[in-house]
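Enquirer: Dropping a structure here in structure tokens format, bear with me for questions.
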Amino acid sequence: MNIPRIDYYTASPAAVKAMLAMSASASSLGLEHSLLELVKMRASQINGCAFCLDMHGRDARRTGESEQRLYVLPAWRETELFSRREQAALAWTEALTLVTEGHAPDAVYDFARSEFSDAELVNLTLAITTINAWNRFAIGFRKPLPAAQ
């Protein structure tokens, strides 16, 4: 059983406010909401963040994402369900989330550059960085899942 540790929302409201501001910025910079939810889901899958998977799985479904695409997201390369733009975003997400394994390979960067403008790629990187930071908060402090619905 995972016993929650510090409630970071009450322990440091200023830190949470900064994280929420970063999240709001990442969400408001023009990238498709559905794309951002896929990125959040994929990074959270890699990091093993149950809280974030639960939250963003629900958010993705509320915004119209199909169950099938969410089910196969870890194997996105093996399907034709994701657009090239989504594939590029997912590959970039994996490269940055697993940065110690490959330091963002040129081939992945080139693929991302082929689908995103300079500004979009910077904004996507902010979104990836933000969900990875949230994953570390939730995992590190063992944020409990909300009650089952």
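Identifiers for the structure tokens are assigned positionally: chains receive A, B, ... in sequence, residues are indexed from 1 per chain, and ligands are indexed from 1 in the order shown.
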Show me, as a PyMOL selection string, the residues that have an atom within 12 Å of Met41 in chain A when counting only C-alpha atoms, minus same-chain residues fewer than 5 positions from it.

Expert: chain A and resi 34-36+46-61+65+69-74+89-90+93-94+97+127-128+131-132+134-135

Enquirer: Where in chain A does DSSP assign alpha helix (DSSP H), given as JSON, numbers by chain?

Expert: {"A": [8, 9, 10, 11, 13, 14, 15, 16, 17, 18, 19, 20, 21, 22, 23, 24, 25, 26, 27, 33, 34, 35, 36, 37, 38, 39, 40, 41, 42, 43, 44, 45, 46, 47, 50, 51, 52, 53, 54, 55, 56, 57, 58, 59, 60, 61, 62, 67, 68, 69, 70, 71, 72, 84, 85, 86, 87, 88, 89, 90, 91, 92, 93, 94, 95, 96, 97, 99, 100, 101, 102, 106, 107, 108, 109, 110, 111, 112, 113, 114, 115, 118, 119, 120, 121, 122, 123, 124, 125, 126, 127, 128, 129, 130, 131, 132, 133, 134, 135, 136, 137, 138, 139, 140]}

Enquirer: Can you work out the spacing between CA of Leu96 in chain A and CA of Ser25 in chain A in Å, to one decimal?

Expert: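 Separating CA of Leu96 in chain A from CA of Ser25 in chain A is a distance of 18.9 Å.
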
Enquirer: Which of these, A:Asp7, A:Asn123, A:Gln68, A:Asn2, has the shortest distance to Glu80 in chain A once you count only C-alpha atoms?

Expert: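 Counting only C-alpha atoms, the residue closest to Glu80 in chain A is A:Gln68.
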
Enquirer: Kindly indicate which residue among A:His33, A:Arg142, A:Arg62, A:Lys40 lies nearest to Thr129 in chain A, using only C-alpha atoms for the distances.

Expert: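 Among the listed residues, the smallest separation from Thr129 in chain A belongs to A:Lys40.
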
Enquirer: Mind checking which residues fall within 12 Å of Ala104 in chain A, counting only C-alpha atoms, ignoring those fewer than 4 positions away in the same chain, and posting them as a list in words?

Expert: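 Skipping anything fewer than 4 positions along the chain leaves Ala91, Trp92, Thr93, Glu94, Ala95, Leu96, Thr97, Leu98, Val99, Thr100, Val108, Tyr109, Asp110, Phe111, Ala112 and Thr125 of chain A.
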
Enquirer: Could you take the residues named above and write them with N, CA and C atoms, as a short mmCIF file (atom, residue, chain, number, x, y, z; two decimals), in the first residue's frame?

Expert:
```cif
data_model
loop_
_atom_site.label_atom_id
_atom_site.label_comp_id
_atom_site.auth_asym_id
_atom_site.auth_seq_id
_atom_site.Cartn_x
_atom_site.Cartn_y
_atom_site.Cartn_z
N ALA A 91 6.88 10.66 -30.06
CA ALA A 91 8.31 10.32 -30.11
C ALA A 91 9.14 11.34 -29.34
N TRP A 92 8.81 12.63 -29.48
CA TRP A 92 9.53 13.69 -28.76
C TRP A 92 9.27 13.56 -27.27
N THR A 93 8.04 13.24 -26.89
CA THR A 93 7.70 13.02 -25.48
C THR A 93 8.56 11.90 -24.90
N GLU A 94 8.64 10.80 -25.61
CA GLU A 94 9.43 9.67 -25.13
C GLU A 94 10.91 10.04 -25.02
N ALA A 95 11.43 10.74 -26.02
CA ALA A 95 12.84 11.11 -26.00
C ALA A 95 13.17 12.01 -24.82
N LEU A 96 12.30 12.97 -24.52
CA LEU A 96 12.58 13.90 -23.42
C LEU A 96 12.27 13.28 -22.06
N THR A 97 11.28 12.42 -22.00
CA THR A 97 10.95 11.76 -20.74
C THR A 97 12.04 10.76 -20.36
N LEU A 98 12.60 10.10 -21.36
CA LEU A 98 13.67 9.12 -21.16
C LEU A 98 15.02 9.72 -21.57
N VAL A 99 15.24 10.97 -21.26
CA VAL A 99 16.39 11.72 -21.77
C VAL A 99 17.72 11.05 -21.41
N THR A 100 17.80 10.36 -20.30
CA THR A 100 19.06 9.72 -19.93
C THR A 100 19.39 8.53 -20.82
N VAL A 108 14.75 11.73 -33.88
CA VAL A 108 13.50 12.09 -33.22
C VAL A 108 13.28 13.60 -33.32
N TYR A 109 14.33 14.36 -33.09
CA TYR A 109 14.24 15.81 -33.22
C TYR A 109 13.85 16.20 -34.65
N ASP A 110 14.48 15.59 -35.63
CA ASP A 110 14.17 15.90 -37.03
C ASP A 110 12.72 15.57 -37.37
N PHE A 111 12.22 14.46 -36.84
CA PHE A 111 10.82 14.09 -37.06
C PHE A 111 9.90 15.14 -36.44
N ALA A 112 10.21 15.54 -35.21
CA ALA A 112 9.40 16.57 -34.55
C ALA A 112 9.45 17.89 -35.33
N THR A 125 7.62 21.16 -25.97
CA THR A 125 8.65 20.83 -24.98
C THR A 125 8.26 21.34 -23.60
#
```

Enquirer: Could you check how far CA of His103 in chain A sits from CA of Val16 in chain A, in Å to one decimal?

Expert: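 Taking CA of His103 in chain A and CA of Val16 in chain A, their separation equals 28.3 Å.
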
Enquirer: Considering only C-alpha atoms, can you say which of A:Ala147, A:Leu20, A:Leu31, A:Ala11 comes closest to Glu120 in chain A?

Expert: A:Leu31

Enquirer: Given the choices A:Thr130, A:Ser28, A:Thr63, A:Ser114, which gets closest to Glu86 in chain A if the distance is worked out from only C-alpha atoms?

Expert: A:Ser114

Enquirer: Rounded to one decimal place, report the CA of Ser66 in chain A-CA of Phe82 in chain A distance in Å.

Expert: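 So the answer is 11.4 Å.
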
Enquirer: Give me, as a compact mmCIF listing (two decimals) with N, CA and C atoms, in the first residue's frame, all polymer residues having an atom no more than 7 Å from Phe141 in chain A, counting only C-alpha atoms and skipping those fewer than 5 positions away in the same chain.

Expert:
```txt
# COMPACT_ATOMS: atom_id res chain seq x y z
N PRO A 4 0.31 8.04 1.44
CA PRO A 4 0.66 9.39 0.99
C PRO A 4 1.70 10.03 1.91
N ARG A 5 2.52 10.83 1.33
CA ARG A 5 3.55 11.54 2.08
C ARG A 5 3.08 12.97 2.30
N ILE A 6 3.83 13.93 1.89
CA ILE A 6 3.45 15.34 2.07
C ILE A 6 2.34 15.71 1.09
```
